[in-house]
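J.: Got data-v3.cif for you, mmCIF, C-alpha atoms:
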data_coords
loop_
_atom_site.label_atom_id
_atom_site.label_comp_id
_atom_site.auth_asym_id
_atom_site.auth_seq_id
_atom_site.Cartn_x
_atom_site.Cartn_y
_atom_site.Cartn_z
CA MET A 1 0.00 0.00 0.00
CA LYS A 2 1.24 3.49 -0.82
CA ASN A 3 2.08 5.65 2.14
CA ARG A 4 0.02 8.68 3.04
CA LYS A 5 2.45 11.14 1.44
CA GLN A 6 2.26 9.27 -1.88
CA ILE A 7 -1.52 9.17 -1.72
CA ALA A 8 -1.64 12.86 -0.85
CA GLY A 9 0.70 13.60 -3.77
CA VAL A 10 -1.47 11.66 -6.20
CA GLY A 11 -4.52 13.41 -4.84
CA ALA A 12 -2.92 16.81 -5.35
CA ILE A 13 -2.09 15.95 -8.96
CA VAL A 14 -5.64 14.74 -9.61
CA LEU A 15 -7.04 17.88 -8.01
CA ALA A 16 -4.74 20.08 -10.10
CA LEU A 17 -5.70 18.26 -13.32
CA THR A 18 -9.39 18.49 -12.40
CA THR A 19 -9.03 22.22 -11.74
CA LEU A 20 -7.21 22.78 -15.02
CA THR A 21 -9.82 20.73 -16.91
CA GLY A 22 -12.60 22.67 -15.24
CA SER A 23 -10.93 25.97 -16.12
CA PHE A 24 -10.47 24.82 -19.72
CA LEU A 25 -14.10 23.78 -20.06
CA ALA A 26 -15.29 27.00 -18.41
CA ALA A 27 -13.16 29.11 -20.74
CA ASN A 28 -14.50 27.26 -23.76
CA ALA A 29 -18.07 27.58 -22.51
CA ASN A 30 -17.62 31.32 -22.09
CA ALA A 31 -16.17 31.63 -25.58
CA LEU A 32 -19.26 29.96 -27.03
CA VAL A 33 -21.67 32.60 -25.71
CA THR A 34 -21.99 36.06 -27.28
CA ARG A 35 -21.48 39.00 -24.92
CA GLY A 36 -21.64 42.74 -25.43
CA PRO A 37 -18.64 45.10 -25.29
CA ASN A 38 -19.11 45.50 -21.55
CA GLY A 39 -20.05 41.90 -20.88
CA GLU A 40 -23.79 42.37 -21.50
CA SER A 41 -25.94 39.28 -21.98
CA ALA A 42 -27.38 38.99 -25.47
CA THR A 43 -31.06 39.18 -26.42
CA ALA A 44 -32.28 37.94 -29.81
CA CYS A 45 -33.48 40.68 -32.14
CA ALA A 46 -36.48 38.52 -33.03
CA THR A 47 -37.85 38.97 -29.51
CA VAL A 48 -37.85 42.79 -29.69
CA LYS A 49 -41.14 44.01 -31.14
CA LEU A 50 -43.42 46.99 -30.90
CA THR A 51 -46.69 46.45 -29.08
CA SER A 52 -49.79 47.62 -30.91
CA ALA A 53 -50.01 50.60 -28.53
CA GLN A 54 -46.37 51.49 -29.15
CA ALA A 55 -46.84 51.20 -32.92
CA LYS A 56 -49.74 53.67 -32.77
CA SER A 57 -47.69 56.07 -30.67
CA VAL A 58 -44.80 55.89 -33.14
CA LYS A 59 -47.14 56.57 -36.07
CA ALA A 60 -48.63 59.54 -34.26
CA GLY A 61 -45.27 60.89 -33.13
CA LYS A 62 -44.12 62.24 -36.51
CA PHE A 63 -40.60 61.16 -35.64
CA SER A 64 -37.55 61.47 -37.87
CA ALA A 65 -34.24 59.62 -38.13
CA ALA A 66 -30.68 59.91 -39.40
CA LEU A 67 -28.63 56.96 -40.68
CA LEU A 68 -24.92 57.56 -40.05
CA TRP A 69 -22.46 54.83 -41.02
CA HIS A 70 -18.72 54.31 -40.71
CA THR A 71 -18.03 53.34 -44.32
CA SER A 72 -19.67 52.04 -47.49
CA SER A 73 -19.82 48.31 -48.36
CA ASP A 74 -22.29 45.57 -49.28
CA PHE A 75 -22.78 44.99 -45.56
CA VAL A 76 -23.53 48.65 -44.82
CA THR A 77 -25.83 48.88 -47.84
CA ALA A 78 -27.85 45.94 -46.51
CA VAL A 79 -27.99 47.28 -42.94
CA ASN A 80 -29.02 50.69 -44.24
CA ALA A 81 -31.71 49.17 -46.47
CA GLY A 82 -33.13 47.12 -43.61
CA ALA A 83 -33.21 50.14 -41.32
CA ALA A 84 -34.73 52.46 -43.93
CA ALA A 85 -37.47 49.99 -44.89
CA SER A 86 -38.40 49.35 -41.27
CA LEU A 87 -38.45 53.06 -40.41
CA LYS A 88 -40.71 53.73 -43.38
CA ARG A 89 -43.16 51.01 -42.30
CA MET A 90 -43.34 52.59 -38.86
CA GLY A 91 -43.90 56.10 -40.24
CA ILE A 92 -40.48 57.49 -39.26
CA LYS A 93 -38.97 59.77 -41.89
CA VAL A 94 -35.26 59.56 -42.73
CA VAL A 95 -33.98 63.14 -42.87
CA ALA A 96 -30.20 62.61 -43.05
CA ARG A 97 -27.65 60.04 -44.14
CA GLY A 98 -23.88 59.92 -43.77
CA ASP A 99 -20.78 57.85 -44.61
CA ALA A 100 -17.75 58.79 -42.49
CA GLN A 101 -15.30 56.71 -44.57
CA PHE A 102 -13.50 55.83 -41.34
CA ASP A 103 -12.55 59.50 -40.92
CA THR A 104 -13.16 60.84 -37.40
CA ALA A 105 -13.56 64.40 -38.66
CA LYS A 106 -16.22 63.25 -41.14
CA GLN A 107 -17.92 61.28 -38.39
CA LYS A 108 -18.34 64.47 -36.35
CA ALA A 109 -19.34 66.48 -39.41
CA ASN A 110 -22.00 63.89 -40.27
CA VAL A 111 -23.48 64.09 -36.78
CA ASP A 112 -23.41 67.89 -36.84
CA THR A 113 -25.06 67.98 -40.26
CA ALA A 114 -27.71 65.51 -39.16
CA MET A 115 -28.42 67.44 -35.95
CA ALA A 116 -29.23 70.53 -38.02
CA LYS A 117 -32.26 68.52 -39.21
CA LYS A 118 -33.24 67.79 -35.57
CA PRO A 119 -33.75 64.03 -35.92
CA SER A 120 -35.61 62.23 -33.16
CA LEU A 121 -33.39 59.16 -33.64
CA ILE A 122 -29.93 58.34 -34.96
CA LEU A 123 -28.90 54.86 -36.07
CA GLY A 124 -25.20 54.45 -36.72
CA LEU A 125 -21.87 52.75 -36.18
CA PRO A 126 -19.51 54.91 -34.12
CA PHE A 127 -15.81 54.18 -34.53
CA ASP A 128 -12.85 55.33 -32.45
CA GLY A 129 -14.53 55.45 -29.05
CA VAL A 130 -13.00 58.75 -27.93
CA ALA A 131 -13.71 60.56 -31.19
CA ALA A 132 -17.20 59.10 -31.35
CA ALA A 133 -17.98 60.34 -27.83
CA ALA A 134 -17.09 63.85 -28.92
CA ALA A 135 -18.96 63.51 -32.21
CA TYR A 136 -22.22 62.39 -30.60
CA LYS A 137 -22.07 64.87 -27.73
CA SER A 138 -24.48 67.28 -29.44
CA ALA A 139 -26.97 64.47 -30.07
CA VAL A 140 -26.89 63.46 -26.42
CA ALA A 141 -27.39 67.09 -25.35
CA ALA A 142 -30.42 67.32 -27.64
CA LYS A 143 -31.84 64.10 -26.14
CA THR A 144 -31.83 62.43 -29.55
CA LYS A 145 -32.32 58.68 -29.19
CA LEU A 146 -29.24 56.71 -30.25
CA VAL A 147 -29.03 53.10 -31.40
CA PHE A 148 -25.56 51.84 -32.23
CA LEU A 149 -24.34 49.03 -34.48
CA SER A 150 -21.62 46.92 -32.81
CA ASN A 151 -19.67 49.76 -31.15
CA VAL A 152 -20.40 52.30 -28.42
CA PRO A 153 -18.66 55.64 -27.77
CA ASP A 154 -16.37 55.82 -24.74
CA LYS A 155 -18.11 56.27 -21.40
CA PHE A 156 -21.60 56.21 -22.94
CA ALA A 157 -24.05 54.44 -20.63
CA TYR A 158 -26.97 52.22 -21.61
CA GLY A 159 -30.31 53.86 -20.90
CA LYS A 160 -28.68 57.24 -20.49
CA GLU A 161 -26.78 58.17 -23.63
CA TYR A 162 -28.02 55.35 -25.87
CA VAL A 163 -30.96 52.97 -26.25
CA THR A 164 -29.13 49.75 -27.18
CA ILE A 165 -26.33 48.12 -29.18
CA VAL A 166 -27.15 45.74 -32.03
CA THR A 167 -24.72 43.27 -33.60
CA ASP A 168 -24.31 39.69 -34.88
CA ASP A 169 -24.50 36.50 -32.85
CA LEU A 170 -20.72 36.52 -32.68
CA ALA A 171 -20.22 33.17 -30.98
CA GLN A 172 -22.51 31.43 -33.45
CA MET A 173 -20.47 32.81 -36.33
CA GLY A 174 -17.33 31.18 -34.95
CA ILE A 175 -19.15 27.96 -34.08
CA LYS A 176 -20.66 27.65 -37.55
CA ALA A 177 -17.26 28.25 -39.16
CA ALA A 178 -15.72 25.51 -37.00
CA ASP A 179 -18.48 23.02 -37.76
CA SER A 180 -18.24 23.76 -41.46
CA LEU A 181 -14.46 23.25 -41.51
CA ALA A 182 -14.89 19.99 -39.62
CA THR A 183 -17.35 18.81 -42.27
CA ALA A 184 -14.96 19.77 -45.07
CA MET A 185 -12.02 18.01 -43.37
CA GLY A 186 -13.88 14.92 -42.21
CA ALA A 187 -13.37 16.13 -38.62
CA ARG A 188 -9.67 15.28 -38.66
CA GLY A 189 -6.36 16.84 -39.65
CA GLU A 190 -4.19 19.90 -39.11
CA VAL A 191 -5.70 23.37 -38.90
CA GLY A 192 -4.26 26.86 -39.31
CA TYR A 193 -5.86 29.66 -37.28
CA ILE A 194 -5.53 33.28 -38.44
CA PHE A 195 -7.15 35.58 -35.88
CA HIS A 196 -7.61 39.34 -35.50
CA ASP A 197 -4.79 40.48 -33.24
CA ALA A 198 -6.47 43.61 -31.88
CA ALA A 199 -8.77 44.43 -28.96
CA TYR A 200 -12.13 44.46 -30.72
CA TYR A 201 -14.85 42.41 -29.07
CA VAL A 202 -16.67 41.64 -32.33
CA THR A 203 -13.80 39.87 -34.12
CA ASN A 204 -12.29 38.59 -30.86
CA GLN A 205 -15.47 36.72 -29.90
CA ARG A 206 -15.94 35.27 -33.37
CA ASP A 207 -12.32 34.05 -33.45
CA GLN A 208 -12.36 32.66 -29.91
CA ALA A 209 -15.61 30.80 -30.51
CA PHE A 210 -14.09 29.06 -33.55
CA LYS A 211 -11.06 27.96 -31.56
CA ALA A 212 -13.13 26.87 -28.54
CA ARG A 213 -15.44 24.82 -30.75
CA ILE A 214 -12.54 22.99 -32.40
CA LEU A 215 -10.86 22.28 -29.06
CA SER A 216 -14.03 21.11 -27.33
CA LYS A 217 -15.79 19.14 -30.06
CA TYR A 218 -13.26 17.85 -32.59
CA PRO A 219 -10.48 15.88 -30.86
CA ASN A 220 -9.02 14.66 -34.15
CA MET A 221 -8.54 18.19 -35.49
CA LYS A 222 -5.41 19.91 -34.23
CA ILE A 223 -4.66 23.62 -34.48
CA VAL A 224 -0.97 23.42 -35.39
CA SER A 225 -0.39 27.06 -36.32
CA GLU A 226 -1.82 30.29 -34.91
CA GLN A 227 -1.07 33.70 -36.36
CA GLY A 228 -2.47 37.09 -35.41
CA LEU A 229 -3.34 39.63 -38.06
CA THR A 230 -3.79 43.40 -37.83
CA ASP A 231 -3.40 44.41 -41.48
CA PRO A 232 -5.91 42.56 -43.71
CA ALA A 233 -3.57 43.05 -46.67
CA LYS A 234 -1.13 40.62 -45.01
CA GLY A 235 -3.36 37.56 -45.48
CA GLN A 236 -1.36 36.11 -48.37
CA GLU A 237 1.99 36.69 -46.66
CA ILE A 238 0.81 35.05 -43.43
CA ALA A 239 -0.62 32.06 -45.30
CA GLN A 240 2.59 31.52 -47.26
CA ALA A 241 4.63 31.38 -44.04
CA MET A 242 2.07 29.16 -42.34
CA LEU A 243 2.00 26.68 -45.22
CA ALA A 244 5.80 26.61 -45.49
CA LYS A 245 6.03 25.43 -41.86
CA ASN A 246 2.93 23.23 -42.02
CA PRO A 247 2.63 21.69 -45.50
CA ASN A 248 -0.04 19.22 -44.36
CA LEU A 249 -2.67 21.78 -43.36
CA GLY A 250 -6.11 20.41 -44.06
CA GLY A 251 -7.85 23.70 -43.41
CA VAL A 252 -7.41 27.34 -42.43
CA TYR A 253 -9.72 29.61 -40.48
CA VAL A 254 -9.42 33.28 -41.42
CA THR A 255 -10.90 36.03 -39.27
CA TRP A 256 -12.80 37.76 -42.11
CA ALA A 257 -13.15 37.80 -45.89
CA GLN A 258 -10.53 40.32 -47.02
CA PRO A 259 -7.51 38.50 -45.55
CA ALA A 260 -9.15 35.22 -46.59
CA GLU A 261 -8.87 36.39 -50.18
CA GLY A 262 -5.12 36.68 -49.58
CA VAL A 263 -4.99 33.18 -48.13
CA LEU A 264 -6.81 31.88 -51.21
CA ALA A 265 -4.27 33.64 -53.42
CA ALA A 266 -1.42 31.95 -51.52
CA LEU A 267 -3.00 28.52 -52.01
CA LYS A 268 -3.54 29.16 -55.71
CA ALA A 269 0.04 30.33 -56.15
CA ALA A 270 1.29 27.15 -54.47
CA GLY A 271 -0.94 24.94 -56.62
CA ASN A 272 -2.65 23.74 -53.45
CA LYS A 273 -6.11 22.37 -54.25
CA THR A 274 -6.75 20.49 -51.01
CA THR A 275 -6.43 22.91 -48.07
CA LYS A 276 -9.88 24.22 -47.17
CA ILE A 277 -10.71 27.77 -46.08
CA VAL A 278 -13.53 28.97 -43.85
CA THR A 279 -14.08 32.62 -43.11
CA LEU A 280 -16.66 35.21 -42.11
CA ASP A 281 -18.51 37.83 -44.20
CA LEU A 282 -19.56 37.51 -47.84
CA SER A 283 -17.08 38.08 -50.66
CA GLU A 284 -17.54 37.65 -54.41
CA PRO A 285 -14.03 36.22 -55.09
CA LEU A 286 -14.41 33.69 -52.27
CA ALA A 287 -17.93 32.79 -53.34
CA ILE A 288 -16.79 32.16 -56.92
CA ASP A 289 -14.07 29.79 -55.70
CA MET A 290 -16.57 28.07 -53.44
CA VAL A 291 -19.11 27.35 -56.17
CA ARG A 292 -16.27 26.09 -58.37
CA ASN A 293 -15.54 23.51 -55.62
CA GLY A 294 -12.21 25.13 -54.90
CA ASN A 295 -10.45 25.75 -51.59
CA VAL A 296 -13.24 27.75 -49.96
CA ALA A 297 -15.50 25.42 -47.99
CA SER A 298 -17.94 27.96 -46.57
CA ILE A 299 -18.52 31.57 -45.62
CA THR A 300 -20.31 32.39 -42.38
CA ALA A 301 -22.43 35.50 -42.84
CA ASP A 302 -24.47 37.77 -40.65
CA ALA A 303 -28.06 38.75 -41.32
CA ALA A 304 -27.10 42.31 -42.28
CA TYR A 305 -30.54 43.41 -43.49
CA ALA A 306 -32.07 42.05 -40.27
CA LEU A 307 -29.55 44.05 -38.24
CA GLY A 308 -30.88 47.24 -39.80
CA GLU A 309 -34.46 46.24 -39.13
CA CYS A 310 -33.60 45.44 -35.53
CA MET A 311 -31.92 48.81 -35.01
CA ALA A 312 -34.96 50.63 -36.37
CA VAL A 313 -37.44 48.74 -34.18
CA ALA A 314 -35.29 49.22 -31.08
CA GLY A 315 -35.03 52.93 -31.84
CA ALA A 316 -38.78 53.23 -32.28
CA ILE A 317 -39.39 51.57 -28.92
CA GLY A 318 -36.95 53.98 -27.34
CA LEU A 319 -38.76 56.95 -28.89
CA VAL A 320 -41.98 56.04 -27.09
CA LYS A 321 -40.13 55.40 -23.82
CA GLY A 322 -40.31 51.63 -24.04
CA LYS A 323 -37.69 49.35 -22.53
CA VAL A 324 -35.11 47.71 -24.82
CA PRO A 325 -32.44 45.22 -23.62
CA PRO A 326 -28.88 46.64 -23.70
CA PHE A 327 -27.43 44.25 -26.27
CA LEU A 328 -29.30 42.72 -29.22
CA ILE A 329 -28.07 40.14 -31.71
CA ALA A 330 -29.21 38.97 -35.14
CA PRO A 331 -28.61 35.37 -36.31
CA ALA A 332 -25.70 34.02 -38.32
CA LEU A 333 -25.90 31.66 -41.30
CA THR A 334 -23.54 29.31 -43.07
CA VAL A 335 -23.30 29.94 -46.82
CA THR A 336 -22.03 27.09 -49.01
CA ALA A 337 -22.12 26.27 -52.70
CA SER A 338 -25.41 24.45 -52.19
CA ASN A 339 -27.32 27.36 -50.61
CA ILE A 340 -25.50 30.41 -51.90
CA GLU A 341 -28.49 32.01 -53.64
CA GLU A 342 -30.67 31.67 -50.56
CA GLY A 343 -27.84 32.69 -48.23
CA TRP A 344 -26.97 35.82 -50.20
CA LYS A 345 -30.61 36.88 -50.14
CA LEU A 346 -31.03 36.15 -46.41
CA SER A 347 -27.89 38.09 -45.52
CA LEU A 348 -28.00 41.10 -47.81
CA ASN A 349 -31.62 41.01 -49.05
CA ARG A 350 -30.54 41.20 -52.65
CA PRO A 351 -30.08 38.66 -55.45
CA LEU A 352 -26.87 36.75 -55.96
CA PRO A 353 -24.49 38.82 -58.16
CA ALA A 354 -24.57 37.79 -61.79
CA ILE A 355 -20.84 36.97 -61.81
CA ILE A 356 -21.44 34.29 -59.17
CA LYS A 357 -24.76 33.09 -60.56
CA LYS A 358 -23.06 32.48 -63.90
CA GLU A 359 -20.83 29.89 -62.19
CA LEU A 360 -23.93 28.00 -61.06
CA ASP A 361 -25.45 27.74 -64.56
#
With the file now loaded, output its structure as structure tokens.

T.:
Amino acid sequence: MKNRKQIAGVGAIVLALTTLTGSFLAANANALVTRGPNGESATACATVKLTSAQAKSVKAGKFSAALLWHTSSDFVTAVNAGAAASLKRMGIKVVARGDAQFDTAKQKANVDTAMAKKPSLILGLPFDGVAAAAAYKSAVAAKTKLVFLSNVPDKFAYGKEYVTIVTDDLAQMGIKAADSLATAMGARGEVGYIFHDAAYYVTNQRDQAFKARILSKYPNMKIVSEQGLTDPAKGQEIAQAMLAKNPNLGGVYVTWAQPAEGVLAALKAAGNKTTKIVTLDLSEPLAIDMVRNGNVASITADAAYALGECMAVAGAIGLVKGKVPPFLIAPALTVTASNIEEGWKLSLNRPLPAIIKKELD
């Protein structure tokens, strides 16, 4: 029989391993749940609706709105369209629009220009927290209702300076990407992981959910290479280095579509037809490769049009002094070659581009 010291030593090791396992599982569980920028619990957009009494009050209120975005893109176009259509249905007139082009001075100018029209509500994506706080100061002073997409200005408080934040189901985007890569790889093999190496809760949560899903559900898939990315133009360079060190990669996760296009270019240049790519956000070049049965296995997309609709409804509820949860999320969807027409429509609320549709004919 082992002496008491030996037994105690074994017990300590078991306890340590149990604690580490528990910590690992807890960390993975946390990574698989979407949280807001300040740790807020998420509420599904689908549950946020106007009551009949609120809808009548909104109609009678003769309210107006401004739509102020950070840049122009297919995603922004879809969000804007969803918001505008929903506002129109509710009888809220859009009196100002703006595209800041990621310029903080333009962001402030857009808010100032919009405020000259005295909107009751502003829907927008503020960027650069400090600059955004200064830009939206006049709107707060005028008691204009604010609904933000993804970001929030520094030191702005829920229920005081803004109504709510709306974004994607971030964890589900990462989970769906992981499950799709597992399907493409037969749930086994070596994986490369290219993540966004910056403190931004949106991309961070999507990336971490992918990694947590692989680690917790697919024991025969091994992440053999991890590389952070800050400049999306570096996707090809990072992929080349990753493949040189790991020639047997069965798949690569890429944090969003632009750097994924670079990864695809690296695979093409190397004559690699077997390594699969999964990424987030729709892209025509990636979609074309996907429908050609190339390297791209899937693209996880957000319901961009639905995000705009959700922002508009939340703003309307705020206008009539209704209660809106602090952090709202719209669903994610996996787009593959087999559902690309439906997926494109669900995400962006517009038909599949002709250049991609041609590949299906």

J.: Fewer than 4 positions away in the same chain doesn't count, so skip those; otherwise give me all residues within 9 Å of Lys245 in chain A, counting only C-alpha atoms, as a PyMOL selection string.

T.: chain A and resi 225+240-241

J.: Excluding same-chain residues fewer than 2 positions from Asp112 in chain A, what lies within 10 Å of it counting all atoms listed in the file, as an NGL selection string?

T.: :A and (106-110 or 114-118 or 135-139)

J.: With the PyMOL selection byres ((chain A and resi 187-190) around 10) as the selection, what would be picked from this file? Answer as a list in words, please.

T.: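 In the shown coordinates, the PyMOL selection byres ((chain A and resi 187-190) around 10) covers Ala178, Asp179, Ser180, Leu181, Ala182, Thr183, Ala184, Met185, Gly186, Val191, Gly192, Ile214, Lys217, Tyr218, Pro219, Asn220, Met221, Lys222, Ile223, Val224, Ser225, Asn246, Pro247, Asn248, Leu249, Gly250, Gly251, Val252 and Thr275 of chain A.
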
J.: Here is a test: counting all atoms listed in the file, which residue of A:Leu319, A:Ala131, A:Ile194, A:Gly98 is nearest to Val163 in chain A?

T.: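 Looking only at the distances to Val163 in chain A, the closest residue turns out to be A:Leu319.
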
J.: Taking 2 positions as the minimum chain separation for residues in the same chain, which residues sit within 12 Å of Glu237 in chain A when counting all atoms listed in the file? Answer as a list in words.

T.: Ile194, Gln227, Leu229, Asp231, Pro232, Ala233, Lys234, Gly235, Ala239, Gln240, Ala241, Met242, Leu243, Ala244, Pro259, Ala260, Glu261, Gly262, Val263, Leu264, Ala265, Ala266, Leu267 and Ala269 of chain A

J.: Figure out the distance between CA of Lys268 in chain A and CA of Val296 in chain A, please, to one decimal in Å.

T.: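 Computed distance, CA of Val296 in chain A to CA of Lys268 in chain A, equals 11.4 Å.
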
J.: Could you build a table of the residues in range 314-351 of chain A lying no more than 9 Å from range 35-57 of chain A, giving for each the nearest pair of atoms and their separation in Å rounded to one decimal place, using only C-alpha atoms, ordered by chain and ascending residue number, as JSON lines?

T.:
{"residue": "A:Ala314", "atom": "CA", "partner": "A:Val48", "partner_atom": "CA", "distance": 7.1}
{"residue": "A:Ala316", "atom": "CA", "partner": "A:Leu50", "partner_atom": "CA", "distance": 7.9}
{"residue": "A:Ile317", "atom": "CA", "partner": "A:Leu50", "partner_atom": "CA", "distance": 6.4}
{"residue": "A:Val320", "atom": "CA", "partner": "A:Gln54", "partner_atom": "CA", "distance": 6.6}
{"residue": "A:Gly322", "atom": "CA", "partner": "A:Gln54", "partner_atom": "CA", "distance": 7.9}
{"residue": "A:Val324", "atom": "CA", "partner": "A:Val48", "partner_atom": "CA", "distance": 7.4}
{"residue": "A:Pro325", "atom": "CA", "partner": "A:Thr43", "partner_atom": "CA", "distance": 6.8}
{"residue": "A:Pro326", "atom": "CA", "partner": "A:Glu40", "partner_atom": "CA", "distance": 7.0}
{"residue": "A:Phe327", "atom": "CA", "partner": "A:Ala42", "partner_atom": "CA", "distance": 5.3}
{"residue": "A:Leu328", "atom": "CA", "partner": "A:Thr43", "partner_atom": "CA", "distance": 4.8}
{"residue": "A:Ile329", "atom": "CA", "partner": "A:Ala44", "partner_atom": "CA", "distance": 5.1}
{"residue": "A:Ala330", "atom": "CA", "partner": "A:Cys45", "partner_atom": "CA", "distance": 5.5}
{"residue": "A:Pro331", "atom": "CA", "partner": "A:Ala44", "partner_atom": "CA", "distance": 7.9}

J.: Return the single residue from A:Leu280, A:Ala287, A:Ala105, A:Ile122 that is closest to Lys357 in chain A, with distances computed using only C-alpha atoms.

T.: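 So, comparing all the options, the nearest one is A:Ala287.
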
J.: Measuring atom to atom with all atoms listed in the file, identify which of A:Trp69, A:Phe195, A:Lys59, A:Ala171 is nearest to Leu125 in chain A.

T.: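 With all atoms listed in the file as the atom set, the closest residue is A:Trp69.
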
J.: When distances are computed from all atoms listed in the file, which of A:Lys358, A:Lys321, A:Arg89, A:Lys211 shows the smallest separation from Gly159 in chain A?

T.: A:Lys321

J.: So, counting only C-alpha atoms, which residue among A:Thr164, A:Ser298, A:Val130, A:Asn151 is closest to Leu333 in chain A?

T.: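 So, comparing all the options, the nearest one is A:Ser298.
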
J.: Once the PyMOL selection byres ((chain A and resi 94) around 7) has been applied to the shown file, what residues remain in the selection, as a list in words?

T.: Ser64, Ala65, Ala66, Ile92, Lys93, Val95 and Ala96 of chain A

J.: Name the residues that the PyMOL selection byres ((chain A and resi 348) around 8) pulls out of this structure, and write them as a VMD selection string.

T.: chain A and resid 74 to 75 78 to 79 303 to 305 344 to 347 349 to 350

J.: Distance CA of Asp302 in chain A-CA of Ala81 in chain A, one decimal place?

T.: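 For CA of Asp302 in chain A relative to CA of Ala81 in chain A, the distance reads 14.7 Å.
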
J.: Between CA of Val147 in chain A and CA of Ala332 in chain A, what is the distance in Å, rounded to a tenth?

T.: 20.6 Å

J.: Show me the residues around (-33.7, 66.4, -31.9) - criterion: an atom at most 6 Å away, all atoms listed in the file counted - as a PyMOL selection string.

T.: chain A and resi 118-120+142+144

J.: Do a neighbour search on Tyr162 in chain A at 7 Å with all atoms listed in the file, toss out local chain neighbours closer than 5 positions, and write the hits as a PyMOL selection string.

T.: chain A and resi 145-147+157
